[in-house]
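To start, the structure itself, in structure tokens.
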Amino acid sequence: MNLTSKHAIAIAVFMIALLAVLIFVMESTGSKKPDPNQPHVELSAWLADWQWGDGLDEFRQITEGLTSLQAFAVYFDDKDDLHLTEELREALPQIVEASKQSSLVYVDLTIVNDVILGDGTSVQKDPALVTRLMATEQSRKKHIDNILAAVTKYDVRGVEIDYENIRSEDWDHVLAFYRELYERLRPLEKSLRIVLEPRAPIDKLKLPEGPVYVMMAYNLFGNHSGPGPKADHAFIADLARRMDKLPGEPFIAFAAGGFDWAESGKVASVTAEQAAELSQLSQEAPRRDAGSGSLYFHYTDDNNVKHTVWYADHVTLAQWIDDARQAGYEKIALWKLGGLGQETLKELNRY
């Protein structure tokens, strides 16, 4: 063997040894090779004021998988002014502080057209409120001034508008509001997200460029109907086709948990954890519906009333997210943190 060959062998041995050391260092420090099969998803989630403690605990467990958090909700009082509950006032500083632990997570304020009346009762998704707020340029300006004051006061990235049950005759004014609000937020470097219901006539609307749009892919069944899944594969596919008309890169929103329908007519919302607990009262294990990926079961309560429960678990959410990805949508919004369960948290951390 000549000298050149010996040098070549020595160099090869050195490179192999160096590679082994590098692999050992990567494994010992927790680094991982990129997984080509790992789904790429941009994930956001809502955190509701009535469940902010549990929601914040779950938020801290999946901050690496989230890019934004929507603090739900800012309501209205009976004078059409913005109203934050005591729970949200207590929660917001902690939510914002938790988000600052990660440079990748931003917080938005979600405003919904629910009215809290003076006697403590509420009107949910009030279309008349939207009509009043949007009626004139002056009413829209007053509303936008109030929104900007709240966004600045609470040190959040931006605002999310979730106005539902919009009357057909109000849409032109609502579109003007979207444009005007976006133009007011932009110089302040604040963002705007807009939530759309599945029934919103997006094929007929000229939605402004700039805001980020979120399509709700849930409420197929709920407290307005008999038993069934919050969404199914056909419903998601149809919405995804309609979403192609939306400007920019929209989010598609899925809802965890489900509903409990009693034969008495009462319908109650349940988290995935609550549904799993209720399933212990069933004589049979929950079954998975092929058309939606959701679980369902029946049980009888202590008063001998029969119930039917449908809910989404981590497997369901994974299927729905895959439906969205197959349709070309990789921005996912999740309703909501709190009561998701460890398996769902693990699933979300995959993204």
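Letters A, B, ... mark the chains of the structure tokens in the order given; residue numbers begin at 1 per chain; ligand numbers begin at 1, in order shown.
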Give me, as a PDB file with all heavy atoms, in the first residue's frame, all polymer residues having an atom no more than 8 Å from A:Gly210, counting only C-alpha atoms and skipping those fewer than 2 positions away in the same chain.
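Listing of selection.pdb after writing:
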ATOM      1  N   TYR A 182     -59.060  47.717   8.786  1.00  0.00           N
ATOM      2  CA  TYR A 182     -57.734  47.272   8.348  1.00  0.00           C
ATOM      3  C   TYR A 182     -56.822  48.472   8.085  1.00  0.00           C
ATOM      4  O   TYR A 182     -55.648  48.469   8.502  1.00  0.00           O
ATOM      5  CB  TYR A 182     -57.862  46.419   7.091  1.00  0.00           C
ATOM      6  CG  TYR A 182     -56.527  45.984   6.517  1.00  0.00           C
ATOM      7  CD1 TYR A 182     -55.764  44.997   7.142  1.00  0.00           C
ATOM      8  CD2 TYR A 182     -56.026  46.596   5.369  1.00  0.00           C
ATOM      9  CE1 TYR A 182     -54.534  44.616   6.628  1.00  0.00           C
ATOM     10  CE2 TYR A 182     -54.789  46.207   4.845  1.00  0.00           C
ATOM     11  CZ  TYR A 182     -54.055  45.233   5.483  1.00  0.00           C
ATOM     12  OH  TYR A 182     -52.834  44.847   4.966  1.00  0.00           O
ATOM     13  N   PRO A 208     -62.213  42.506   1.171  1.00  0.00           N
ATOM     14  CA  PRO A 208     -60.997  43.294   0.939  1.00  0.00           C
ATOM     15  C   PRO A 208     -59.727  42.475   1.131  1.00  0.00           C
ATOM     16  O   PRO A 208     -59.671  41.562   1.968  1.00  0.00           O
ATOM     17  CB  PRO A 208     -61.093  44.403   1.988  1.00  0.00           C
ATOM     18  CG  PRO A 208     -61.955  43.849   3.060  1.00  0.00           C
ATOM     19  CD  PRO A 208     -62.951  42.957   2.365  1.00  0.00           C
ATOM     20  N   VAL A 212     -56.650  38.681   7.372  1.00  0.00           N
ATOM     21  CA  VAL A 212     -56.569  37.223   7.321  1.00  0.00           C
ATOM     22  C   VAL A 212     -57.966  36.682   7.586  1.00  0.00           C
ATOM     23  O   VAL A 212     -58.620  37.080   8.563  1.00  0.00           O
ATOM     24  CB  VAL A 212     -55.578  36.692   8.375  1.00  0.00           C
ATOM     25  CG1 VAL A 212     -55.618  35.159   8.430  1.00  0.00           C
ATOM     26  CG2 VAL A 212     -54.172  37.181   8.071  1.00  0.00           C
ATOM     27  N   PRO A 247     -59.541  35.989  -0.289  1.00  0.00           N
ATOM     28  CA  PRO A 247     -58.222  36.603  -0.517  1.00  0.00           C
ATOM     29  C   PRO A 247     -57.164  36.010   0.406  1.00  0.00           C
ATOM     30  O   PRO A 247     -57.467  35.510   1.494  1.00  0.00           O
ATOM     31  CB  PRO A 247     -58.468  38.078  -0.180  1.00  0.00           C
ATOM     32  CG  PRO A 247     -59.946  38.267  -0.164  1.00  0.00           C
ATOM     33  CD  PRO A 247     -60.534  36.951   0.229  1.00  0.00           C
ATOM     34  N   GLY A 248     -55.919  36.117  -0.019  1.00  0.00           N
ATOM     35  CA  GLY A 248     -54.793  35.731   0.826  1.00  0.00           C
ATOM     36  C   GLY A 248     -54.730  34.245   1.110  1.00  0.00           C
ATOM     37  O   GLY A 248     -55.119  33.420   0.286  1.00  0.00           O
TER      38      GLY A 248
END
I need the residues of stretch 189-335 of chain A that end up classed as strand (DSSP E) by DSSP on the backbone, written out as an NGL selection string. :A and (191-196 or 212-216 or 251-255 or 257-262 or 267-270 or 287-288 or 295-300 or 306-312 or 331-335)
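Note that atom CA of A:Gly226 and atom CA of A:Ser264 are 11.9 Å apart.
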Could you please write out, as an MDAnalysis selection string, every residue of stretch 136-287 of chain A that DSSP assigns to alpha helix (DSSP H)? chainID A and resid 137:153 171:185 233:243 272:278
Pick out the residues sitting within 10 Å of A:Leu133, and hand them over as a ChimeraX atom specification; count only C-alpha atoms, and ignore anything fewer than 4 positions along from it in its own chain. /A:80-81,128-129,137-144,173-174,177
Spatial neighbours of A:Asp323, 10 Å, only C-alpha atoms, chain gap at least 2 places, as a PyMOL selection string: chain A and resi 232-234+236-237+240+317-321+325-330
Keeping only N, CA and C atoms, write the selected residues as an mmCIF file, in the first residue's frame.
data_model
loop_
_atom_site.group_PDB
_atom_site.id
_atom_site.type_symbol
_atom_site.label_atom_id
_atom_site.label_comp_id
_atom_site.auth_asym_id
_atom_site.auth_seq_id
_atom_site.Cartn_x
_atom_site.Cartn_y
_atom_site.Cartn_z
ATOM 1 N N ASP A 232 -68.044 16.915 8.960
ATOM 2 C CA ASP A 232 -67.702 15.629 8.344
ATOM 3 C C ASP A 232 -66.840 15.890 7.123
ATOM 4 N N HIS A 233 -66.344 14.828 6.522
ATOM 5 C CA HIS A 233 -65.382 14.975 5.431
ATOM 6 C C HIS A 233 -65.979 15.696 4.231
ATOM 7 N N ALA A 234 -67.230 15.405 3.895
ATOM 8 C CA ALA A 234 -67.876 16.058 2.755
ATOM 9 C C ALA A 234 -68.068 17.545 3.009
ATOM 10 N N ILE A 236 -66.280 19.486 4.983
ATOM 11 C CA ILE A 236 -64.972 20.145 4.919
ATOM 12 C C ILE A 236 -64.528 20.316 3.470
ATOM 13 N N ALA A 237 -64.710 19.295 2.658
ATOM 14 C CA ALA A 237 -64.311 19.377 1.248
ATOM 15 C C ALA A 237 -65.089 20.466 0.520
ATOM 16 N N ALA A 240 -63.815 23.880 1.657
ATOM 17 C CA ALA A 240 -62.487 24.144 1.095
ATOM 18 C C ALA A 240 -62.605 24.634 -0.348
ATOM 19 N N LEU A 317 -59.588 15.077 14.884
ATOM 20 C CA LEU A 317 -58.920 16.309 14.479
ATOM 21 C C LEU A 317 -57.821 16.042 13.460
ATOM 22 N N ALA A 318 -57.086 14.959 13.648
ATOM 23 C CA ALA A 318 -56.040 14.607 12.689
ATOM 24 C C ALA A 318 -56.632 14.351 11.307
ATOM 25 N N GLN A 319 -57.783 13.670 11.255
ATOM 26 C CA GLN A 319 -58.436 13.423 9.974
ATOM 27 C C GLN A 319 -58.911 14.717 9.327
ATOM 28 N N TRP A 320 -59.505 15.601 10.133
ATOM 29 C CA TRP A 320 -59.993 16.871 9.585
ATOM 30 C C TRP A 320 -58.845 17.733 9.072
ATOM 31 N N ILE A 321 -57.754 17.776 9.833
ATOM 32 C CA ILE A 321 -56.586 18.542 9.389
ATOM 33 C C ILE A 321 -56.036 17.960 8.093
ATOM 34 N N ARG A 325 -55.485 19.776 4.491
ATOM 35 C CA ARG A 325 -54.203 19.754 3.798
ATOM 36 C C ARG A 325 -54.351 19.183 2.395
ATOM 37 N N GLN A 326 -55.171 18.149 2.266
ATOM 38 C CA GLN A 326 -55.397 17.564 0.945
ATOM 39 C C GLN A 326 -56.046 18.580 0.007
ATOM 40 N N ALA A 327 -56.818 19.502 0.578
ATOM 41 C CA ALA A 327 -57.471 20.531 -0.223
ATOM 42 C C ALA A 327 -56.582 21.760 -0.429
ATOM 43 N N GLY A 328 -55.380 21.726 0.136
ATOM 44 C CA GLY A 328 -54.438 22.814 -0.064
ATOM 45 C C GLY A 328 -54.406 23.860 1.030
ATOM 46 N N TYR A 329 -55.038 23.566 2.183
ATOM 47 C CA TYR A 329 -55.076 24.534 3.289
ATOM 48 C C TYR A 329 -54.305 23.982 4.479
ATOM 49 N N GLU A 330 -53.234 24.706 4.854
ATOM 50 C CA GLU A 330 -52.375 24.259 5.944
ATOM 51 C C GLU A 330 -52.373 25.231 7.114
#
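Between atom CA of A:Thr344 and atom CA of A:Ala272 the separation is 8.9 Å.
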Best match for closeness to A:Pro93 among A:Val41, A:Ile111, A:Leu69, A:Val156, counting only C-alpha atoms: A:Val156
Residues within 10 Å of A:Leu246, please, as number ranges by chain. Count only C-alpha atoms; anything in the same chain fewer than 2 positions from it doesn't count. A: 202-203, 205-209, 212-215, 242-244, 248-250
Put those residues in a file: N, CA and C atoms, as a CSV table (one decimal), in the first residue's frame.
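Ended up saving to again-v6.csv:
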chain,number,residue,atom,x,y,z
A,202,ILE,N,-69.7,34.0,0.6
A,202,ILE,CA,-68.4,34.5,0.1
A,202,ILE,C,-68.3,34.5,-1.4
A,203,ASP,N,-69.1,33.7,-2.1
A,203,ASP,CA,-69.0,33.7,-3.6
A,203,ASP,C,-69.6,35.0,-4.2
A,205,LEU,N,-69.4,38.0,-2.3
A,205,LEU,CA,-68.8,39.2,-1.6
A,205,LEU,C,-67.5,39.5,-2.2
A,206,LYS,N,-67.2,40.8,-2.3
A,206,LYS,CA,-65.8,41.2,-2.6
A,206,LYS,C,-65.1,41.6,-1.4
A,207,LEU,N,-64.6,40.6,-0.7
A,207,LEU,CA,-63.9,40.8,0.6
A,207,LEU,C,-62.6,41.5,0.3
A,208,PRO,N,-62.2,42.5,1.2
A,208,PRO,CA,-61.0,43.3,0.9
A,208,PRO,C,-59.7,42.5,1.1
A,209,GLU,N,-58.7,42.8,0.4
A,209,GLU,CA,-57.4,42.2,0.5
A,209,GLU,C,-56.8,42.8,1.8
A,212,VAL,N,-56.7,38.7,7.4
A,212,VAL,CA,-56.6,37.2,7.3
A,212,VAL,C,-58.0,36.7,7.6
A,213,TYR,N,-58.4,35.8,6.7
A,213,TYR,CA,-59.8,35.2,6.9
A,213,TYR,C,-59.7,33.8,7.5
A,214,VAL,N,-60.8,33.5,8.3
A,214,VAL,CA,-60.9,32.3,9.0
A,214,VAL,C,-62.3,31.7,8.7
A,215,MET,N,-62.3,30.5,8.0
A,215,MET,CA,-63.6,29.9,7.7
A,215,MET,C,-63.9,28.9,8.8
A,242,ARG,N,-65.1,26.3,-1.6
A,242,ARG,CA,-65.7,27.7,-1.5
A,242,ARG,C,-64.6,28.6,-1.1
A,243,MET,N,-63.7,28.2,-0.2
A,243,MET,CA,-62.7,29.0,0.3
A,243,MET,C,-61.7,29.5,-0.7
A,244,ASP,N,-61.6,28.9,-1.9
A,244,ASP,CA,-60.7,29.3,-2.9
A,244,ASP,C,-61.0,30.7,-3.4
A,248,GLY,N,-55.9,36.1,0.0
A,248,GLY,CA,-54.8,35.7,0.8
A,248,GLY,C,-54.7,34.2,1.1
A,249,GLU,N,-54.2,33.9,2.3
A,249,GLU,CA,-54.1,32.5,2.7
A,249,GLU,C,-54.9,32.3,4.0
A,250,PRO,N,-56.2,31.9,3.8
A,250,PRO,CA,-57.1,31.8,4.9
A,250,PRO,C,-56.8,30.6,5.8
Give me, as a ChimeraX atom specification, all polymer residues having an atom no more than 12 Å from stretch 47-52 of chain A, counting only C-alpha atoms and skipping those fewer than 2 positions away in the same chain. /A:44-45,54-60,68-75,84-96,107-112,271,333-340
Identify which of the residues A:Asn349, A:Gln283, A:Thr316, A:Asn223 lies closest to A:Val270, counting only C-alpha atoms when measuring atom-to-atom distances. A:Asn223
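Atom CA of A:Leu239 is positioned 24.6 Å from atom CA of A:Val309.
Ranking A:Glu189, A:Gly222, A:Pro286, A:Gln280 by their shortest atom-to-atom distance to A:Ala255, with only C-alpha atoms included, puts A:Gly222 first.
In this comparison, which uses only C-alpha atoms, the residue of A:Leu295, A:Ile62, A:Ile166, A:Val105 approaching A:Asp126 most closely is A:Ile166.
Nearest residue to A:Glu263, choosing from A:Asp170, A:Asp322, A:Asp301, A:Asp238 and counting only C-alpha atoms: A:Asp301.
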Tell me which protein, DNA and RNA residues are within 12 Å of A:Asn303, counting only C-alpha atoms, leaving out same-chain ones fewer than 3 positions away, and put them as a list in words. Ala262, Glu263, Ser264, Tyr299, Thr300, Lys306 and His307 of chain A
What does the file look like for those residues with C-alpha atoms, as a PDB file, in the first residue's frame?
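That gives us out.pdb:
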ATOM      1  CA  ALA A 262     -80.860  14.447  25.791  1.00  0.00           C
ATOM      2  CA  GLU A 263     -84.208  12.957  24.783  1.00  0.00           C
ATOM      3  CA  SER A 264     -85.783  15.669  26.941  1.00  0.00           C
ATOM      4  CA  TYR A 299     -76.038   6.495  27.717  1.00  0.00           C
ATOM      5  CA  THR A 300     -78.852   6.809  30.263  1.00  0.00           C
ATOM      6  CA  LYS A 306     -81.433   8.759  27.342  1.00  0.00           C
ATOM      7  CA  HIS A 307     -78.588  10.754  25.809  1.00  0.00           C
TER       8      HIS A 307
END
